[in-house]
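Student: Data file work-v7.cif (mmCIF, C-alpha atoms (C1' of nucleotides)) is appended below.
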```cif
data_data
#
loop_
_atom_site.label_atom_id
_atom_site.label_comp_id
_atom_site.auth_asym_id
_atom_site.auth_seq_id
_atom_site.Cartn_x
_atom_site.Cartn_y
_atom_site.Cartn_z
CA MET A 9 18.17 -15.16 7.78
CA ALA A 10 16.10 -12.83 5.96
CA THR A 11 17.48 -9.87 4.13
CA VAL A 12 17.04 -7.74 7.14
CA LYS A 13 16.88 -4.05 6.65
CA PRO A 14 19.59 -2.13 8.37
CA SER A 15 18.31 0.00 11.18
CA GLY A 16 15.13 -1.29 12.75
CA ASP A 17 12.99 1.76 12.21
CA PRO A 18 9.53 2.21 10.83
CA TYR A 19 9.59 -1.20 9.27
CA ASP A 20 9.44 -2.83 12.64
CA ARG A 21 6.35 -0.85 13.40
CA ILE A 22 4.80 -1.91 10.14
CA TYR A 23 5.30 -5.55 10.94
CA ALA A 24 3.99 -5.04 14.42
CA VAL A 25 0.79 -3.58 13.03
CA VAL A 26 0.36 -6.25 10.39
CA ARG A 27 0.89 -8.94 12.95
CA ARG A 28 -1.94 -7.49 14.98
CA ILE A 29 -4.43 -7.97 12.19
CA PRO A 30 -6.83 -10.64 13.41
CA ARG A 31 -7.66 -13.64 11.28
CA GLY A 32 -10.42 -13.11 8.78
CA ARG A 33 -9.75 -9.38 8.75
CA VAL A 34 -7.87 -7.19 6.31
CA ALA A 35 -6.24 -3.78 6.37
CA THR A 36 -5.16 -1.33 3.71
CA TYR A 37 -1.64 -0.09 3.13
CA GLY A 38 -2.71 3.38 4.08
CA GLN A 39 -4.25 2.08 7.25
CA ILE A 40 -1.10 0.22 8.21
CA ALA A 41 0.96 3.27 7.46
CA ASP A 42 -1.30 5.36 9.59
CA LEU A 43 -1.17 2.98 12.52
CA ALA A 44 2.56 2.63 12.19
CA GLY A 45 2.96 6.37 12.35
CA LEU A 46 3.87 6.59 8.69
CA ASP A 47 0.85 8.60 7.76
CA GLY A 48 0.64 9.17 4.07
CA ARG A 49 3.46 6.83 3.17
CA ALA A 50 1.32 3.84 2.28
CA ARG A 51 3.64 2.94 -0.52
CA GLN A 52 6.55 2.27 1.72
CA VAL A 53 4.40 -0.13 3.68
CA GLY A 54 4.00 -2.26 0.61
CA TYR A 55 7.65 -1.82 -0.15
CA ALA A 56 8.62 -3.02 3.25
CA MET A 57 6.87 -6.29 2.53
CA ARG A 58 8.08 -6.83 -0.97
CA THR A 59 11.70 -6.20 -0.22
CA LEU A 60 11.85 -8.15 2.99
CA ALA A 61 9.76 -11.17 2.00
CA ILE A 62 8.48 -11.54 5.51
CA GLU A 63 8.07 -14.54 7.68
CA GLY A 64 5.43 -14.86 10.35
CA VAL A 65 3.74 -11.71 9.20
CA PRO A 66 0.30 -12.09 7.66
CA TRP A 67 1.14 -9.92 4.66
CA HIS A 68 -1.76 -11.48 2.85
CA ARG A 69 -4.10 -9.53 5.08
CA VAL A 70 -2.87 -6.32 3.59
CA VAL A 71 -4.66 -5.07 0.50
CA ASN A 72 -5.05 -1.75 -1.23
CA SER A 73 -7.73 0.81 -0.48
CA ARG A 74 -10.03 -0.62 -3.11
CA GLY A 75 -10.14 -3.88 -1.24
CA GLN A 76 -8.35 -5.51 -4.10
CA ILE A 77 -5.10 -7.39 -4.28
CA SER A 78 -2.55 -5.43 -6.19
CA ALA A 79 -0.43 -7.22 -8.72
CA ARG A 80 2.97 -7.91 -7.22
CA ALA A 81 6.31 -8.52 -8.80
CA GLU A 82 6.06 -12.29 -8.56
CA PRO A 83 3.89 -14.12 -11.08
CA GLY A 84 0.84 -15.69 -9.49
CA GLY A 85 1.70 -14.16 -6.16
CA ASP A 86 -1.51 -12.24 -5.99
CA ARG A 87 -3.34 -15.47 -6.53
CA VAL A 88 -1.67 -16.95 -3.48
CA GLN A 89 -2.70 -13.99 -1.39
CA ARG A 90 -6.28 -14.39 -2.44
CA GLN A 91 -6.32 -18.05 -1.54
CA LEU A 92 -4.82 -17.32 1.84
CA LEU A 93 -7.59 -14.84 2.51
CA GLU A 94 -10.29 -17.15 1.30
CA ARG A 95 -8.91 -19.72 3.64
CA GLU A 96 -9.58 -17.32 6.49
CA GLY A 97 -13.15 -16.86 5.45
CA VAL A 98 -12.80 -13.84 3.22
CA THR A 99 -14.81 -13.96 0.04
CA PHE A 100 -14.14 -12.15 -3.21
CA ASP A 101 -16.58 -10.90 -5.77
CA ALA A 102 -16.50 -11.18 -9.53
CA ALA A 103 -14.20 -8.20 -9.70
CA ASP A 104 -11.67 -9.94 -7.44
CA ARG A 105 -12.46 -7.56 -4.66
CA LEU A 106 -13.51 -8.09 -1.09
CA GLU A 107 -16.03 -6.06 0.80
CA LEU A 108 -13.74 -3.71 2.69
CA ALA A 109 -16.66 -2.29 4.60
CA HIS A 110 -17.18 -5.70 6.06
CA TYR A 111 -13.68 -7.11 6.43
CA ARG A 112 -11.65 -4.06 7.30
CA TRP A 113 -9.86 -4.34 10.60
CA ARG A 114 -10.63 -1.63 13.11
CA PRO A 115 -7.99 -1.19 15.80
CA LYS A 116 -8.49 1.02 18.80
CA MET A 117 -6.43 3.97 17.72
CA ASP A 118 -6.54 5.50 21.17
CA GLY A 119 -5.11 8.95 21.43
CA ARG A 120 -3.50 8.73 18.03
CA PRO A 121 -3.55 11.97 16.07
CA SER A 122 -5.40 11.90 12.81
CA ARG A 123 -3.37 11.84 9.67
CA ARG A 124 -3.10 15.10 7.90
CA PRO A 125 -4.73 15.38 4.51
CA ARG A 126 -2.42 15.86 1.63
CA ALA A 127 -2.44 19.21 0.00
CA GLN A 128 -4.37 18.67 -3.15
CA ALA A 129 -3.35 20.56 -6.21
CA SER A 130 -5.70 23.40 -6.87
CA LEU A 131 -7.58 22.94 -10.06
"C1'" DC B 9 24.44 12.23 -6.48
"C1'" DA B 10 20.57 11.88 -10.27
"C1'" DT B 11 16.84 9.09 -12.41
"C1'" DA B 12 13.45 5.78 -12.66
"C1'" DT B 13 10.13 2.84 -10.88
"C1'" DG B 14 6.83 1.17 -7.60
"C1'" DG B 15 2.16 -4.65 -3.69
"C1'" DC B 16 -0.40 3.44 -2.66
"C1'" DT B 17 -4.00 7.07 -2.01
"C1'" DC B 18 -7.19 10.81 -2.71
"C1'" DA B 19 -10.00 13.87 -5.38
"C1'" DA B 20 -12.15 15.00 -9.57
"C1'" DC B 21 -14.11 13.58 -14.32
"C1'" DT C 9 -17.15 1.73 -12.38
"C1'" DG C 10 -13.00 3.07 -14.24
"C1'" DT C 11 -9.59 6.64 -15.61
"C1'" DT C 12 -6.57 10.57 -14.89
"C1'" DG C 13 -3.50 13.57 -12.40
"C1'" DA C 14 -0.60 14.77 -8.69
"C1'" DG C 15 1.79 13.87 -4.28
"C1'" DC C 16 4.81 10.92 -1.34
"C1'" DC C 17 9.30 8.63 -0.51
"C1'" DA C 18 12.21 4.18 -0.18
"C1'" DT C 19 14.87 0.92 -3.33
"C1'" DA C 20 17.34 0.03 -7.32
"C1'" DT C 21 20.68 1.36 -11.04
#
```
Transcribe the structure of this file into C-alpha coordinates.

Tutor:
Amino acid sequence: MATVKPSGDPYDRIYAVVRRIPRGRVATYGQIADLAGLDGRARQVGYAMRTLAIEGVPWHRVVNSRGQISARAEPGGDRVQRQLLEREGVTFDAADRLELAHYRWRPKMDGRPSRRPRAQASL
DNA sequence: CATATGGCTCAAC
DNA sequence: TGTTGAGCCATAT
(Lines of atoms letter the chains of each structure in order from A and count residues from 1; the text may use other names and numbers.)
(Lines give C-alpha, C1' and ligand atoms only; values in the text may rest on other atoms or scores of the structure.)
Protein backbone atom coordinates (compact mmCIF):
# COMPACT_ATOMS: atom_id res chain seq x y z
CA MET A 1 0.00 0.00 0.00
CA ALA A 2 1.76 2.90 -1.23
CA THR A 3 1.65 6.23 0.46
CA VAL A 4 -1.25 7.26 -1.62
CA LYS A 5 -1.93 10.89 -1.99
CA PRO A 6 -5.26 12.00 -0.69
CA SER A 7 -7.58 13.13 -3.42
CA GLY A 8 -6.90 11.54 -6.77
CA ASP A 9 -6.36 14.69 -8.76
CA PRO A 10 -3.69 15.73 -11.17
CA TYR A 11 -1.38 13.04 -9.94
CA ASP A 12 -3.53 10.39 -11.48
CA ARG A 13 -3.26 12.13 -14.77
CA ILE A 14 0.49 12.30 -14.44
CA TYR A 15 0.73 8.59 -13.92
CA ALA A 16 -1.62 7.96 -16.78
CA VAL A 17 0.62 9.94 -19.09
CA VAL A 18 3.82 8.34 -17.87
CA ARG A 19 2.32 4.93 -18.28
CA ARG A 20 1.61 5.75 -21.90
CA ILE A 21 5.25 6.34 -22.68
CA PRO A 22 6.27 3.52 -25.01
CA ARG A 23 9.34 1.46 -24.34
CA GLY A 24 12.56 2.92 -25.62
CA ARG A 25 11.10 6.40 -25.49
CA VAL A 26 11.47 9.20 -22.97
CA ALA A 27 9.56 12.30 -22.01
CA THR A 28 10.43 15.45 -20.11
CA TYR A 29 8.78 16.65 -16.94
CA GLY A 30 7.44 19.65 -18.75
CA GLN A 31 6.03 17.44 -21.44
CA ILE A 32 4.29 15.22 -18.92
CA ALA A 33 2.93 18.25 -17.16
CA ASP A 34 1.66 19.61 -20.41
CA LEU A 35 -0.05 16.38 -21.39
CA ALA A 36 -1.50 15.99 -17.93
CA GLY A 37 -2.99 19.44 -18.14
CA LEU A 38 -0.53 20.83 -15.63
CA ASP A 39 1.08 23.17 -18.06
CA GLY A 40 4.00 24.96 -16.57
CA ARG A 41 4.08 22.92 -13.39
CA ALA A 42 6.79 20.50 -14.44
CA ARG A 43 8.21 20.48 -10.98
CA GLN A 44 5.17 18.97 -9.43
CA VAL A 45 5.38 16.16 -11.93
CA GLY A 46 8.74 15.19 -10.55
CA TYR A 47 7.44 15.69 -7.07
CA ALA A 48 4.56 13.38 -7.69
CA MET A 49 7.03 10.63 -8.45
CA ARG A 50 9.45 11.23 -5.67
CA THR A 51 6.87 11.40 -2.95
CA LEU A 52 4.80 8.49 -4.10
CA ALA A 53 7.57 6.08 -5.07
CA ILE A 54 5.47 4.61 -7.81
CA GLU A 55 4.84 1.08 -8.82
CA GLY A 56 4.06 0.01 -12.34
CA VAL A 57 4.84 3.44 -13.67
CA PRO A 58 7.90 3.75 -15.88
CA TRP A 59 9.24 6.76 -14.00
CA HIS A 60 12.63 6.03 -15.46
CA ARG A 61 11.36 7.23 -18.81
CA VAL A 62 10.95 10.70 -17.43
CA VAL A 63 13.96 12.98 -17.68
CA ASN A 64 14.51 16.71 -17.61
CA SER A 65 14.42 18.99 -20.62
CA ARG A 66 18.14 18.63 -21.20
CA GLY A 67 17.69 14.93 -21.76
CA GLN A 68 19.65 14.28 -18.64
CA ILE A 69 18.79 12.41 -15.49
CA SER A 70 18.47 14.78 -12.61
CA ALA A 71 20.06 13.85 -9.33
CA ARG A 72 17.39 12.54 -7.00
CA ALA A 73 17.22 12.34 -3.27
CA GLU A 74 18.32 8.72 -3.12
CA PRO A 75 22.01 7.94 -3.57
CA GLY A 76 22.71 6.07 -6.79
CA GLY A 77 19.10 6.36 -7.82
CA ASP A 78 19.93 8.26 -10.94
CA ARG A 79 22.28 5.48 -11.87
CA VAL A 80 19.45 3.00 -11.68
CA GLN A 81 17.32 5.13 -13.95
CA ARG A 82 20.06 5.27 -16.51
CA GLN A 83 20.49 1.52 -16.51
CA LEU A 84 16.78 1.01 -16.91
CA LEU A 85 16.81 3.25 -19.95
CA GLU A 86 19.85 1.60 -21.43
CA ARG A 87 18.07 -1.66 -21.02
CA GLU A 88 15.33 -0.32 -23.26
CA GLY A 89 17.79 0.62 -25.93
CA VAL A 90 18.48 4.20 -24.95
CA THR A 91 22.09 5.24 -25.16
CA PHE A 92 23.84 7.99 -23.26
CA ASP A 93 26.73 10.14 -24.33
CA ALA A 94 29.84 11.13 -22.43
CA ALA A 95 27.91 13.88 -20.73
CA ASP A 96 25.38 11.37 -19.39
CA ARG A 97 22.76 12.73 -21.69
CA LEU A 98 20.54 11.08 -24.24
CA GLU A 99 19.59 12.48 -27.59
CA LEU A 100 16.21 13.95 -26.79
CA ALA A 101 15.64 14.79 -30.42
CA HIS A 102 15.77 11.10 -31.14
CA TYR A 103 14.20 9.49 -28.09
CA ARG A 104 11.54 11.99 -27.13
CA TRP A 105 8.07 10.53 -27.10
CA ARG A 106 5.55 12.28 -29.31
CA PRO A 107 1.93 11.68 -28.35
CA LYS A 108 -0.95 12.77 -30.50
CA MET A 109 -2.01 15.82 -28.56
CA ASP A 110 -5.24 16.11 -30.49
CA GLY A 111 -7.23 19.20 -29.81
CA ARG A 112 -5.19 20.06 -26.76
CA PRO A 113 -4.58 23.77 -26.29
CA SER A 114 -0.99 24.87 -26.33
CA ARG A 115 0.58 25.78 -23.06
CA ARG A 116 0.86 29.42 -22.40
CA PRO A 117 4.33 30.89 -22.24
CA ARG A 118 5.39 32.21 -18.92
CA ALA A 119 5.67 35.91 -18.58
CA GLN A 120 9.36 36.53 -18.69
CA ALA A 121 10.76 39.29 -16.59
CA SER A 122 11.56 42.30 -18.68
CA LEU A 123 15.21 43.01 -18.74
C1' DC B 1 -0.05 30.26 8.78
C1' DA B 2 5.04 31.38 7.26
C1' DT B 3 9.48 29.64 5.39
C1' DA B 4 12.38 26.77 2.98
C1' DT B 5 13.48 23.55 -0.39
C1' DG B 6 12.96 21.04 -4.61
C1' DG B 7 13.89 14.47 -9.80
C1' DC B 8 11.78 21.85 -13.54
C1' DT B 9 11.88 25.22 -17.44
C1' DC B 10 12.84 29.12 -20.36
C1' DA B 11 15.44 33.02 -21.92
C1' DA B 12 19.55 35.59 -21.94
C1' DC B 13 24.81 35.93 -21.21
C1' DT C 1 28.43 24.27 -23.27
C1' DG C 2 27.49 25.96 -18.95
C1' DT C 3 25.81 29.62 -15.79
C1' DT C 4 22.52 32.94 -13.99
C1' DG C 5 18.05 34.79 -12.88
C1' DA C 6 13.23 34.54 -12.28
C1' DG C 7 8.75 32.11 -12.19
C1' DC C 8 5.81 28.22 -10.58
C1' DC C 9 3.65 25.58 -6.78
C1' DA C 10 3.34 21.14 -3.84
C1' DT C 11 5.62 19.00 0.38
C1' DA C 12 7.94 19.38 4.54
C1' DT C 13 8.90 21.73 9.05

Student: Compare A:His110, A:Arg87, A:Arg74, A:Arg58 by their minimum atom-to-atom distance to DT9 in chain C, counting all atoms listed in the file, and give me the closest one.

Tutor: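 Using all atoms listed in the file, the shortest distance to DT9 in chain C belongs to A:Arg74.
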
Student: Counting all atoms listed in the file, collect the residues of chain A whose closest atom lies at most 6 Å from chain B, and write them out as a VMD selection string.

Tutor: chain A and resid 50 to 51 54 78 80

Student: Separation of CA of Gly32 in chain A and CA of Ala44 in chain A, in Å?

Tutor: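 Separation between CA of Gly32 in chain A and CA of Ala44 in chain A: 20.7 Å.
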
Student: For chain C, list the residues within 12 Å of chain A, counting all atoms listed in the file, and write the list as JSON, numbers by chain.

Tutor: {"C": [9, 13, 14, 15, 16, 17, 18, 19, 20]}

Student: Let me have the centre and edge lengths in Å, one decimal, of the box along x, y and z around every listed atom of range 96-110 of chain A with 3 Å of margin on each side, as JSON.

Tutor:
```
{"center_x": -13.4, "center_y": -9.8, "center_z": -1.6, "size_x": 13.6, "size_y": 21.0, "size_z": 22.2}
```

Student: How many Å separate CA of Val88 in chain A from CA of Asp104 in chain A?

Tutor: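 A separation of 12.8 Å between them.
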
Student: Quick one, how far is CA of Leu106 in chain A from CA of Gln76 in chain A?

Tutor: 6.5 Å
